[in-house]
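Source file: input_34.cif (mmCIF, C-alpha atoms)
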```cif
data_input
#
loop_
_atom_site.group_PDB
_atom_site.id
_atom_site.type_symbol
_atom_site.label_atom_id
_atom_site.label_comp_id
_atom_site.auth_asym_id
_atom_site.auth_seq_id
_atom_site.Cartn_x
_atom_site.Cartn_y
_atom_site.Cartn_z
ATOM 1 C CA MET A 16 -3.388 -50.273 2.147
ATOM 2 C CA LYS A 17 -4.446 -46.835 0.899
ATOM 3 C CA MET A 18 -5.745 -45.880 4.363
ATOM 4 C CA ASN A 19 -2.438 -46.914 5.977
ATOM 5 C CA PHE A 20 -0.501 -44.820 3.453
ATOM 6 C CA GLU A 21 -2.688 -41.787 4.138
ATOM 7 C CA ASN A 22 -2.272 -42.221 7.885
ATOM 8 C CA GLU A 23 1.509 -42.451 7.532
ATOM 9 C CA GLU A 24 1.546 -39.360 5.322
ATOM 10 C CA LEU A 25 -0.514 -37.368 7.840
ATOM 11 C CA LYS A 26 1.770 -38.548 10.640
ATOM 12 C CA ALA A 27 4.838 -37.371 8.691
ATOM 13 C CA ILE A 28 3.218 -33.983 8.033
ATOM 14 C CA ASP A 29 2.420 -33.572 11.736
ATOM 15 C CA GLU A 30 6.000 -34.431 12.681
ATOM 16 C CA ILE A 31 7.369 -31.794 10.302
ATOM 17 C CA GLY A 32 5.150 -29.203 11.949
ATOM 18 C CA ASP A 33 6.125 -30.209 15.476
ATOM 19 C CA ASN A 34 9.810 -30.026 14.556
ATOM 20 C CA HIS A 35 9.416 -26.614 12.859
ATOM 21 C CA HIS A 36 11.144 -28.014 9.791
ATOM 22 C CA SER A 37 11.949 -25.558 6.997
ATOM 23 C CA THR A 38 12.101 -26.822 3.423
ATOM 24 C CA SER A 39 13.553 -23.742 1.699
ATOM 25 C CA ALA A 40 14.925 -20.221 2.241
ATOM 26 C CA GLU A 41 12.142 -19.016 -0.048
ATOM 27 C CA THR A 42 8.551 -18.697 1.106
ATOM 28 C CA PRO A 43 6.623 -21.472 -0.712
ATOM 29 C CA LEU A 44 4.261 -19.595 -3.030
ATOM 30 C CA ARG A 45 2.311 -20.843 -6.034
ATOM 31 C CA ASP A 46 2.893 -19.270 -9.449
ATOM 32 C CA ASP A 47 -0.628 -17.834 -9.379
ATOM 33 C CA ALA A 48 -0.308 -16.403 -5.854
ATOM 34 C CA PHE A 49 -1.170 -12.875 -6.996
ATOM 35 C CA LYS A 50 -3.731 -13.635 -9.659
ATOM 36 C CA LEU A 51 -6.504 -12.487 -7.314
ATOM 37 C CA SER A 52 -6.704 -8.924 -6.017
ATOM 38 C CA ASP A 53 -6.561 -8.256 -2.287
ATOM 39 C CA SER A 54 -10.287 -7.514 -2.205
ATOM 40 C CA GLU A 55 -11.073 -10.802 -3.969
ATOM 41 C CA LYS A 56 -8.912 -12.695 -1.490
ATOM 42 C CA ILE A 57 -10.685 -11.011 1.421
ATOM 43 C CA GLU A 58 -14.094 -12.093 0.122
ATOM 44 C CA LEU A 59 -12.996 -15.710 -0.326
ATOM 45 C CA ILE A 60 -11.249 -15.905 3.043
ATOM 46 C CA LYS A 61 -14.304 -14.386 4.720
ATOM 47 C CA GLU A 62 -16.414 -17.252 3.389
ATOM 48 C CA ASP A 63 -13.854 -19.798 4.567
ATOM 49 C CA VAL A 64 -13.662 -18.320 8.077
ATOM 50 C CA SER A 65 -17.459 -18.301 8.263
ATOM 51 C CA HIS A 66 -17.487 -21.993 7.329
ATOM 52 C CA ILE A 67 -14.901 -22.832 9.998
ATOM 53 C CA MET A 68 -16.842 -20.983 12.672
ATOM 54 C CA GLN A 69 -20.130 -22.554 11.630
ATOM 55 C CA THR A 70 -18.509 -26.004 11.658
ATOM 56 C CA LEU A 71 -17.370 -25.343 15.226
ATOM 57 C CA GLY A 72 -20.998 -24.660 16.113
ATOM 58 C CA LEU A 73 -20.751 -20.887 16.594
ATOM 59 C CA ASP A 74 -23.778 -18.658 16.006
ATOM 60 C CA LEU A 75 -22.746 -16.067 13.425
ATOM 61 C CA THR A 76 -25.948 -14.102 13.943
ATOM 62 C CA ASP A 77 -24.661 -13.085 17.386
ATOM 63 C CA ASP A 78 -23.605 -9.418 17.492
ATOM 64 C CA SER A 79 -20.171 -10.331 18.859
ATOM 65 C CA LEU A 80 -19.419 -12.879 16.117
ATOM 66 C CA LYS A 81 -21.125 -11.717 12.939
ATOM 67 C CA GLY A 82 -18.308 -9.354 11.961
ATOM 68 C CA THR A 83 -15.505 -11.789 12.790
ATOM 69 C CA PRO A 84 -15.118 -13.446 9.348
ATOM 70 C CA ASN A 85 -14.674 -10.081 7.638
ATOM 71 C CA ARG A 86 -12.269 -8.817 10.317
ATOM 72 C CA VAL A 87 -10.159 -11.973 10.131
ATOM 73 C CA ALA A 88 -10.059 -11.897 6.320
ATOM 74 C CA LYS A 89 -8.906 -8.284 6.239
ATOM 75 C CA MET A 90 -6.349 -8.969 8.959
ATOM 76 C CA PHE A 91 -4.924 -11.927 7.019
ATOM 77 C CA VAL A 92 -4.569 -10.070 3.732
ATOM 78 C CA ASN A 93 -3.664 -6.555 4.882
ATOM 79 C CA GLU A 94 -1.823 -7.147 8.125
ATOM 80 C CA ILE A 95 -0.382 -10.383 9.479
ATOM 81 C CA PHE A 96 0.200 -11.914 6.010
ATOM 82 C CA GLY A 97 0.749 -8.623 4.186
ATOM 83 C CA GLY A 98 4.417 -9.498 3.672
ATOM 84 C CA LEU A 99 3.441 -12.103 1.080
ATOM 85 C CA ASN A 100 2.677 -9.301 -1.380
ATOM 86 C CA PRO A 101 5.866 -8.038 -3.100
ATOM 87 C CA ALA A 102 4.133 -4.694 -3.676
ATOM 88 C CA ARG A 103 4.505 -4.100 0.081
ATOM 89 C CA LYS A 104 8.245 -4.748 0.074
ATOM 90 C CA PRO A 105 10.024 -1.759 1.673
ATOM 91 C CA LYS A 106 12.201 0.335 -0.577
ATOM 92 C CA ALA A 107 15.553 0.191 1.188
ATOM 93 C CA SER A 108 17.479 3.077 -0.342
ATOM 94 C CA THR A 109 21.200 3.137 0.308
ATOM 95 C CA PHE A 110 23.533 6.084 0.762
ATOM 96 C CA ASP A 111 27.259 6.555 0.271
ATOM 97 C CA ASN A 112 29.245 6.051 3.446
ATOM 98 C CA ASN A 113 30.764 9.541 3.167
ATOM 99 C CA TYR A 114 31.869 9.615 6.801
ATOM 100 C CA LYS A 115 33.897 6.443 6.194
ATOM 101 C CA TYR A 116 32.455 4.554 9.154
ATOM 102 C CA GLY A 117 34.070 1.156 8.816
ATOM 103 C CA GLU A 118 32.984 -0.584 11.995
ATOM 104 C CA MET A 119 29.981 -2.713 12.765
ATOM 105 C CA LEU A 120 26.504 -1.177 12.863
ATOM 106 C CA VAL A 121 23.996 -3.017 15.030
ATOM 107 C CA GLU A 122 20.247 -2.493 15.233
ATOM 108 C CA LYS A 123 19.056 -4.568 18.173
ATOM 109 C CA ASN A 124 15.748 -5.399 19.831
ATOM 110 C CA ILE A 125 13.682 -5.069 16.652
ATOM 111 C CA THR A 126 10.177 -6.277 17.504
ATOM 112 C CA VAL A 127 9.129 -9.406 15.632
ATOM 113 C CA TYR A 128 5.485 -10.372 15.178
ATOM 114 C CA SER A 129 5.119 -13.319 12.851
ATOM 115 C CA THR A 130 2.951 -16.416 12.396
ATOM 116 C CA CYS A 131 4.002 -20.065 12.551
ATOM 117 C CA GLU A 132 3.152 -21.620 9.192
ATOM 118 C CA HIS A 133 2.464 -25.021 10.755
ATOM 119 C CA HIS A 134 -0.294 -23.996 13.165
ATOM 120 C CA LEU A 135 -1.018 -20.354 12.224
ATOM 121 C CA LEU A 136 -0.232 -19.230 15.762
ATOM 122 C CA PRO A 137 1.853 -16.166 16.702
ATOM 123 C CA ILE A 138 5.629 -15.946 16.898
ATOM 124 C CA VAL A 139 6.686 -13.021 19.103
ATOM 125 C CA GLY A 140 10.224 -11.921 19.810
ATOM 126 C CA ARG A 141 13.187 -9.702 19.004
ATOM 127 C CA ALA A 142 15.593 -9.508 16.074
ATOM 128 C CA HIS A 143 19.128 -8.168 16.200
ATOM 129 C CA VAL A 144 20.651 -7.163 12.859
ATOM 130 C CA ALA A 145 24.154 -5.966 12.012
ATOM 131 C CA TYR A 146 26.274 -5.142 8.989
ATOM 132 C CA ILE A 147 29.716 -3.801 8.126
ATOM 133 C CA SER A 148 29.630 -1.235 5.340
ATOM 134 C CA ASN A 149 31.718 -1.701 2.216
ATOM 135 C CA GLY A 150 30.807 1.765 0.928
ATOM 136 C CA SER A 151 27.033 1.907 1.353
ATOM 137 C CA VAL A 152 24.771 2.419 4.351
ATOM 138 C CA VAL A 153 21.038 2.018 4.778
ATOM 139 C CA GLY A 154 18.598 4.029 6.892
ATOM 140 C CA LEU A 155 18.126 2.532 10.347
ATOM 141 C CA SER A 156 14.339 2.306 10.043
ATOM 142 C CA LYS A 157 14.734 0.292 6.833
ATOM 143 C CA MET A 158 16.353 -2.515 8.799
ATOM 144 C CA ASN A 159 13.247 -2.664 10.996
ATOM 145 C CA ARG A 160 11.007 -2.561 7.921
ATOM 146 C CA VAL A 161 12.857 -5.440 6.258
ATOM 147 C CA VAL A 162 12.395 -7.573 9.387
ATOM 148 C CA ASP A 163 8.710 -6.647 9.575
ATOM 149 C CA TYR A 164 8.099 -7.350 5.874
ATOM 150 C CA TYR A 165 9.467 -10.883 6.006
ATOM 151 C CA ALA A 166 7.832 -11.522 9.392
ATOM 152 C CA LYS A 167 4.383 -10.647 8.020
ATOM 153 C CA ARG A 168 3.779 -14.012 6.390
ATOM 154 C CA PRO A 169 3.413 -17.640 7.474
ATOM 155 C CA GLN A 170 6.945 -18.415 8.628
ATOM 156 C CA VAL A 171 9.437 -20.687 10.245
ATOM 157 C CA GLN A 172 12.018 -18.784 12.261
ATOM 158 C CA GLU A 173 15.013 -20.236 10.451
ATOM 159 C CA ARG A 174 13.709 -19.008 7.102
ATOM 160 C CA LEU A 175 12.861 -15.571 8.477
ATOM 161 C CA THR A 176 16.403 -15.164 9.813
ATOM 162 C CA MET A 177 17.909 -16.137 6.464
ATOM 163 C CA GLN A 178 15.562 -13.905 4.453
ATOM 164 C CA VAL A 179 16.459 -10.823 6.516
ATOM 165 C CA VAL A 180 20.174 -11.419 5.971
ATOM 166 C CA GLN A 181 19.845 -12.204 2.264
ATOM 167 C CA GLU A 182 17.707 -9.111 1.615
ATOM 168 C CA LEU A 183 20.146 -6.764 3.366
ATOM 169 C CA GLN A 184 23.080 -8.397 1.585
ATOM 170 C CA LYS A 185 21.415 -7.556 -1.735
ATOM 171 C CA VAL A 186 20.530 -4.020 -0.670
ATOM 172 C CA LEU A 187 23.971 -3.197 0.756
ATOM 173 C CA GLY A 188 26.033 -5.097 -1.804
ATOM 174 C CA THR A 189 28.006 -6.932 0.864
ATOM 175 C CA GLN A 190 28.050 -10.376 2.454
ATOM 176 C CA ASP A 191 28.907 -8.852 5.839
ATOM 177 C CA VAL A 192 25.429 -9.045 7.378
ATOM 178 C CA ALA A 193 24.201 -10.941 10.439
ATOM 179 C CA CYS A 194 20.899 -11.563 12.187
ATOM 180 C CA VAL A 195 19.909 -13.234 15.448
ATOM 181 C CA ILE A 196 16.255 -13.768 16.386
ATOM 182 C CA ASP A 197 15.019 -14.817 19.831
ATOM 183 C CA ALA A 198 11.291 -15.543 19.840
ATOM 184 C CA LYS A 199 8.489 -17.397 21.586
ATOM 185 C CA HIS A 200 6.253 -19.667 19.516
ATOM 186 C CA LEU A 201 2.699 -19.933 20.766
ATOM 187 C CA CYS A 202 2.407 -23.313 19.043
ATOM 188 C CA VAL A 203 4.870 -24.459 21.743
ATOM 189 C CA ASN A 204 3.776 -22.141 24.567
ATOM 190 C CA SER A 205 -0.020 -22.465 24.320
ATOM 191 C CA ARG A 206 -0.555 -25.964 22.848
ATOM 192 C CA GLY A 207 1.316 -29.242 22.550
ATOM 193 C CA ILE A 208 3.978 -29.274 25.261
ATOM 194 C CA ARG A 209 2.665 -25.938 26.645
ATOM 195 C CA ASP A 210 6.097 -24.770 27.761
ATOM 196 C CA ILE A 211 5.566 -21.069 28.470
ATOM 197 C CA GLU A 212 9.193 -20.399 29.426
ATOM 198 C CA SER A 213 11.084 -21.622 26.355
ATOM 199 C CA SER A 214 12.097 -19.466 23.397
ATOM 200 C CA THR A 215 13.794 -20.251 20.096
ATOM 201 C CA VAL A 216 17.041 -18.614 18.973
ATOM 202 C CA THR A 217 18.197 -18.663 15.343
ATOM 203 C CA SER A 218 21.148 -16.976 13.680
ATOM 204 C CA GLU A 219 22.562 -16.332 10.232
ATOM 205 C CA PHE A 220 26.091 -14.996 9.779
ATOM 206 C CA GLY A 221 27.459 -13.792 6.445
ATOM 207 C CA GLY A 222 30.906 -12.707 5.290
ATOM 208 C CA LYS A 223 33.121 -11.363 8.082
ATOM 209 C CA PHE A 224 30.554 -12.408 10.690
ATOM 210 C CA LYS A 225 31.632 -16.008 10.142
ATOM 211 C CA GLU A 226 34.936 -15.041 11.806
ATOM 212 C CA GLU A 227 34.834 -15.871 15.511
ATOM 213 C CA ALA A 228 36.092 -12.472 16.736
ATOM 214 C CA VAL A 229 33.611 -10.483 14.622
ATOM 215 C CA ARG A 230 30.731 -12.756 15.542
ATOM 216 C CA ARG A 231 31.637 -12.453 19.241
ATOM 217 C CA GLU A 232 31.705 -8.649 18.978
ATOM 218 C CA PHE A 233 28.194 -8.676 17.508
ATOM 219 C CA LEU A 234 26.882 -11.012 20.198
ATOM 220 C CA ASP A 235 28.457 -8.829 22.911
ATOM 221 C CA TYR A 236 26.668 -5.765 21.516
ATOM 222 C CA ILE A 237 23.359 -7.601 21.784
ATOM 223 C CA LYS A 238 23.970 -8.140 25.513
ATOM 224 C CA LEU A 239 24.474 -4.424 26.224
ATOM 225 C CA ASP A 240 21.781 -2.761 28.301
ATOM 226 C CA THR A 241 19.986 0.145 26.663
ATOM 227 C CA PRO A 242 18.387 1.975 29.608
ATOM 228 C CA PHE A 243 16.721 4.754 27.629
#
```
Once you've parsed the file, please lay out its structure as C-alpha coordinates.
Amino acid sequence: MKMNFENEELKAIDEIGDNHHSTSAETPLRDDAFKLSDSEKIELIKEDVSHIMQTLGLDLTDDSLKGTPNRVAKMFVNEIFGGLNPARKPKASTFDNNYKYGEMLVEKNITVYSTCEHHLLPIVGRAHVAYISNGSVVGLSKMNRVVDYYAKRPQVQERLTMQVVQELQKVLGTQDVACVIDAKHLCVNSRGIRDIESSTVTSEFGGKFKEEAVRREFLDYIKLDTPF
(Lines of atoms letter the chains of each structure in order from A and count residues from 1; the text may use other names and numbers.)
(Lines give C-alpha, C1' and ligand atoms only; values in the text may rest on other atoms or scores of the structure.)
Protein backbone atom coordinates (compact mmCIF):
# COMPACT_ATOMS: atom_id res chain seq x y z
CA MET A 1 0.00 0.00 0.00
CA LYS A 2 2.80 2.40 0.93
CA MET A 3 4.63 1.68 -2.34
CA ASN A 4 1.46 2.38 -4.36
CA PHE A 5 0.98 5.69 -2.53
CA GLU A 6 4.57 6.72 -3.23
CA ASN A 7 4.22 5.80 -6.90
CA GLU A 8 1.02 7.84 -7.19
CA GLU A 9 2.67 10.79 -5.47
CA LEU A 10 5.67 10.67 -7.83
CA LYS A 11 3.31 10.42 -10.80
CA ALA A 12 1.41 13.51 -9.61
CA ILE A 13 4.68 15.43 -9.15
CA ASP A 14 5.80 14.51 -12.67
CA GLU A 15 2.47 15.65 -14.11
CA ILE A 16 2.77 19.03 -12.40
CA GLY A 17 6.19 19.48 -13.96
CA ASP A 18 5.04 18.48 -17.44
CA ASN A 19 2.12 20.91 -17.22
CA HIS A 20 4.34 23.76 -15.96
CA HIS A 21 1.93 24.29 -13.09
CA SER A 22 2.56 27.30 -10.85
CA THR A 23 1.46 27.15 -7.22
CA SER A 24 2.00 30.80 -6.22
CA ALA A 25 3.01 34.26 -7.47
CA GLU A 26 5.81 34.13 -4.91
CA THR A 27 8.97 32.10 -5.44
CA PRO A 28 8.76 29.20 -2.95
CA LEU A 29 11.62 29.85 -0.53
CA ARG A 30 12.27 28.40 2.92
CA ASP A 31 12.51 30.72 5.93
CA ASP A 32 16.19 29.85 6.29
CA ALA A 33 17.01 30.41 2.60
CA PHE A 34 19.71 32.97 3.38
CA LYS A 35 21.15 31.49 6.53
CA LEU A 36 24.21 30.33 4.58
CA SER A 37 26.56 32.77 2.87
CA ASP A 38 27.07 32.58 -0.88
CA SER A 39 30.51 31.04 -0.40
CA GLU A 40 29.09 28.36 1.91
CA LYS A 41 26.40 27.55 -0.63
CA ILE A 42 29.00 27.25 -3.39
CA GLU A 43 31.02 24.74 -1.37
CA LEU A 44 27.98 22.58 -0.63
CA ILE A 45 26.67 22.69 -4.19
CA LYS A 46 30.13 21.81 -5.49
CA GLU A 47 30.05 18.62 -3.43
CA ASP A 48 26.57 17.79 -4.68
CA VAL A 49 27.51 18.32 -8.34
CA SER A 50 30.58 16.14 -7.85
CA HIS A 51 28.37 13.39 -6.43
CA ILE A 52 25.96 13.61 -9.37
CA MET A 53 28.79 13.41 -11.88
CA GLN A 54 30.44 10.52 -10.07
CA THR A 55 27.10 8.69 -9.91
CA LEU A 56 26.80 9.09 -13.68
CA GLY A 57 30.18 7.39 -13.99
CA LEU A 58 32.24 10.43 -15.02
CA ASP A 59 35.95 10.61 -14.22
CA LEU A 60 36.49 13.81 -12.24
CA THR A 61 40.26 13.45 -12.45
CA ASP A 62 40.04 14.25 -16.17
CA ASP A 63 41.36 17.74 -16.97
CA SER A 64 38.15 18.66 -18.78
CA LEU A 65 35.86 17.65 -15.90
CA LYS A 66 37.72 18.30 -12.66
CA GLY A 67 36.78 21.98 -12.53
CA THR A 68 33.15 21.46 -13.50
CA PRO A 69 31.64 21.10 -9.99
CA ASN A 70 33.16 24.39 -8.86
CA ARG A 71 32.14 26.19 -12.07
CA VAL A 72 28.56 24.91 -11.83
CA ALA A 73 28.29 25.85 -8.15
CA LYS A 74 29.49 29.39 -8.77
CA MET A 75 27.20 29.71 -11.78
CA PHE A 76 24.18 28.58 -9.74
CA VAL A 77 24.78 30.97 -6.85
CA ASN A 78 26.20 34.03 -8.62
CA GLU A 79 24.58 33.90 -12.02
CA ILE A 80 21.59 31.85 -13.16
CA PHE A 81 20.00 31.71 -9.67
CA GLY A 82 21.39 35.03 -8.44
CA GLY A 83 17.89 36.53 -8.47
CA LEU A 84 16.97 34.46 -5.42
CA ASN A 85 19.08 36.79 -3.27
CA PRO A 86 17.15 39.97 -2.33
CA ALA A 87 20.48 41.77 -1.92
CA ARG A 88 20.77 41.64 -5.73
CA LYS A 89 17.38 43.25 -6.30
CA PRO A 90 17.81 46.29 -8.58
CA LYS A 91 17.16 49.67 -7.07
CA ALA A 92 14.49 51.08 -9.36
CA SER A 93 14.54 54.79 -8.61
CA THR A 94 11.62 56.81 -9.91
CA PHE A 95 11.52 60.38 -11.18
CA ASP A 96 8.76 62.97 -11.42
CA ASN A 97 7.07 63.01 -14.80
CA ASN A 98 7.89 66.70 -15.28
CA TYR A 99 7.28 66.61 -19.03
CA LYS A 100 3.73 65.36 -18.36
CA TYR A 101 3.97 62.40 -20.73
CA GLY A 102 0.64 60.69 -20.22
CA GLU A 103 0.69 58.01 -22.89
CA MET A 104 1.90 54.44 -22.81
CA LEU A 105 5.61 53.68 -22.50
CA VAL A 106 6.68 50.33 -23.91
CA GLU A 107 10.02 48.57 -23.52
CA LYS A 108 9.94 45.62 -25.88
CA ASN A 109 12.22 42.72 -26.80
CA ILE A 110 13.87 42.50 -23.38
CA THR A 111 16.03 39.37 -23.42
CA VAL A 112 14.91 36.69 -20.98
CA TYR A 113 17.24 33.96 -19.75
CA SER A 114 15.65 31.91 -17.02
CA THR A 115 15.54 28.31 -15.76
CA CYS A 116 12.55 25.97 -15.60
CA GLU A 117 12.10 24.98 -11.96
CA HIS A 118 10.75 21.55 -12.90
CA HIS A 119 13.72 20.28 -14.89
CA LEU A 120 16.40 22.97 -14.35
CA LEU A 121 16.65 23.55 -18.09
CA PRO A 122 16.84 26.96 -19.80
CA ILE A 123 13.95 29.23 -20.69
CA VAL A 124 14.96 31.68 -23.43
CA GLY A 125 12.81 34.41 -24.90
CA ARG A 126 11.68 38.03 -24.94
CA ALA A 127 9.68 40.18 -22.54
CA HIS A 128 7.63 43.22 -23.48
CA VAL A 129 6.79 45.60 -20.63
CA ALA A 130 4.62 48.72 -20.59
CA TYR A 131 3.21 51.23 -18.14
CA ILE A 132 1.17 54.43 -18.09
CA SER A 133 2.58 57.02 -15.72
CA ASN A 134 0.43 58.51 -12.98
CA GLY A 135 3.12 61.03 -12.04
CA SER A 136 6.27 58.91 -11.80
CA VAL A 137 8.58 57.39 -14.39
CA VAL A 138 11.38 54.86 -14.09
CA GLY A 139 14.66 54.63 -15.99
CA LEU A 140 14.38 52.42 -19.07
CA SER A 141 17.27 50.16 -18.07
CA LYS A 142 15.56 49.48 -14.73
CA MET A 143 12.73 47.74 -16.55
CA ASN A 144 15.28 45.39 -18.12
CA ARG A 145 16.95 44.86 -14.74
CA VAL A 146 13.65 43.98 -13.05
CA VAL A 147 12.97 41.35 -15.72
CA ASP A 148 16.49 39.95 -15.38
CA TYR A 149 16.33 39.85 -11.57
CA TYR A 150 13.15 37.78 -11.46
CA ALA A 151 14.31 35.62 -14.38
CA LYS A 152 17.51 34.66 -12.55
CA ARG A 153 15.91 31.99 -10.39
CA PRO A 154 14.13 28.66 -10.88
CA GLN A 155 10.90 29.80 -12.53
CA VAL A 156 7.66 29.05 -14.23
CA GLN A 157 6.84 31.60 -16.92
CA GLU A 158 3.45 32.53 -15.49
CA ARG A 159 5.01 33.49 -12.16
CA LEU A 160 7.81 35.44 -13.82
CA THR A 161 5.29 37.49 -15.81
CA MET A 162 3.29 38.29 -12.68
CA GLN A 163 6.37 39.17 -10.61
CA VAL A 164 7.59 41.68 -13.20
CA VAL A 165 4.22 43.43 -13.25
CA GLN A 166 3.78 43.42 -9.47
CA GLU A 167 7.29 44.81 -8.89
CA LEU A 168 6.82 47.68 -11.35
CA GLN A 169 3.38 48.42 -9.91
CA LYS A 170 5.01 48.86 -6.49
CA VAL A 171 7.88 50.95 -7.86
CA LEU A 172 5.69 53.24 -9.97
CA GLY A 173 2.74 53.45 -7.59
CA THR A 174 0.24 52.53 -10.28
CA GLN A 175 -1.73 49.48 -11.37
CA ASP A 176 -1.30 50.45 -15.03
CA VAL A 177 1.48 47.99 -15.88
CA ALA A 178 1.55 45.13 -18.39
CA CYS A 179 3.95 42.39 -19.42
CA VAL A 180 3.96 39.79 -22.19
CA ILE A 181 6.65 37.10 -22.38
CA ASP A 182 7.24 34.82 -25.37
CA ALA A 183 9.82 32.13 -24.62
CA LYS A 184 11.09 28.69 -25.57
CA HIS A 185 11.41 26.06 -22.84
CA LEU A 186 14.20 23.57 -23.39
CA CYS A 187 12.33 21.09 -21.20
CA VAL A 188 9.84 20.99 -24.11
CA ASN A 189 12.27 21.60 -26.98
CA SER A 190 15.12 19.25 -26.02
CA ARG A 191 13.39 16.48 -24.01
CA GLY A 192 9.93 15.00 -23.61
CA ILE A 193 7.94 15.90 -26.72
CA ARG A 194 11.05 17.51 -28.29
CA ASP A 195 9.05 20.14 -30.15
CA ILE A 196 11.71 22.63 -31.25
CA GLU A 197 9.25 25.01 -32.92
CA SER A 198 6.81 25.77 -30.10
CA SER A 199 7.08 28.70 -27.69
CA THR A 200 5.04 29.75 -24.67
CA VAL A 201 3.32 33.13 -24.38
CA THR A 202 2.13 34.53 -21.04
CA SER A 203 0.65 37.90 -20.17
CA GLU A 204 -0.33 39.96 -17.15
CA PHE A 205 -2.41 43.11 -17.52
CA GLY A 206 -3.01 45.56 -14.68
CA GLY A 207 -5.22 48.63 -14.32
CA LYS A 208 -6.03 50.35 -17.62
CA PHE A 209 -4.42 47.50 -19.56
CA LYS A 210 -7.44 45.37 -18.72
CA GLU A 211 -9.43 47.65 -21.07
CA GLU A 212 -9.60 46.14 -24.54
CA ALA A 213 -8.53 49.29 -26.43
CA VAL A 214 -5.49 49.92 -24.20
CA ARG A 215 -4.46 46.28 -24.27
CA ARG A 216 -4.77 46.24 -28.08
CA GLU A 217 -2.60 49.36 -28.36
CA PHE A 218 0.12 47.67 -26.30
CA LEU A 219 -0.03 44.49 -28.36
CA ASP A 220 0.16 46.53 -31.59
CA TYR A 221 3.32 48.26 -30.33
CA ILE A 222 4.92 44.86 -29.75
CA LYS A 223 4.34 43.98 -33.42
CA LEU A 224 6.18 47.06 -34.71
CA ASP A 225 9.46 46.41 -36.48
CA THR A 226 12.51 48.06 -34.97
CA PRO A 227 15.07 47.98 -37.80
CA PHE A 228 17.92 49.67 -35.96
**Request:** Let me know the residues the PyMOL selection byres ((chain A and resi 57-67) around 6) catches in the file above, as a list in words.
**Result:** Ser54, Glu55, Lys56, Met68, Gln69, Thr70, Pro84, Asn85, Ala88 and Lys89 of chain A
**Complete:** With distances taken over all atoms listed in the file, the candidate from A:Ile147, A:Cys131, A:Ala166, A:Met177 nearest Leu201 in chain A is A:Cys131
Please write out, as lines of an AutoDock Vina configuration file, where the centre of an axis-aligned box around all listed atoms of range 182-196 of chain A lies and how long its edges are, in Å to one decimal, after adding 5 Å on each side.
```
center_x = 22.6
center_y = -8.5
center_z = 7.3
size_x = 22.7
size_y = 20.6
size_z = 28.2
```
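You can rank A:Cys202, A:Val161, A:Leu73, A:Cys194 by their closest distance to Thr130 in chain A using all atoms listed in the file, and at the top of that list sits A:Cys202.
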**Request:** Would you work out the distance separating CA of Val121 in chain A from CA of Ile138 in chain A, expressed in Å to one decimal?
**Result:** 22.5 Å
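Taking CA of Val180 in chain A as the reference point, CA of Val192 in chain A is found at 5.9 Å.
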**Asked** Hey, what comes out of the PyMOL selection byres ((chain A and resi 100) around 10) on this file? Could you write it as a list in words?
**Response** Ala48, Phe49, Asp53, Val92, Asn93, Phe96, Gly97, Gly98, Leu99, Pro101, Ala102, Arg103, Lys104, Tyr164, Lys167 and Arg168 of chain A
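Picture a line from CA of Lys115 in chain A to CA of Ser148 in chain A; it runs 8.8 Å.
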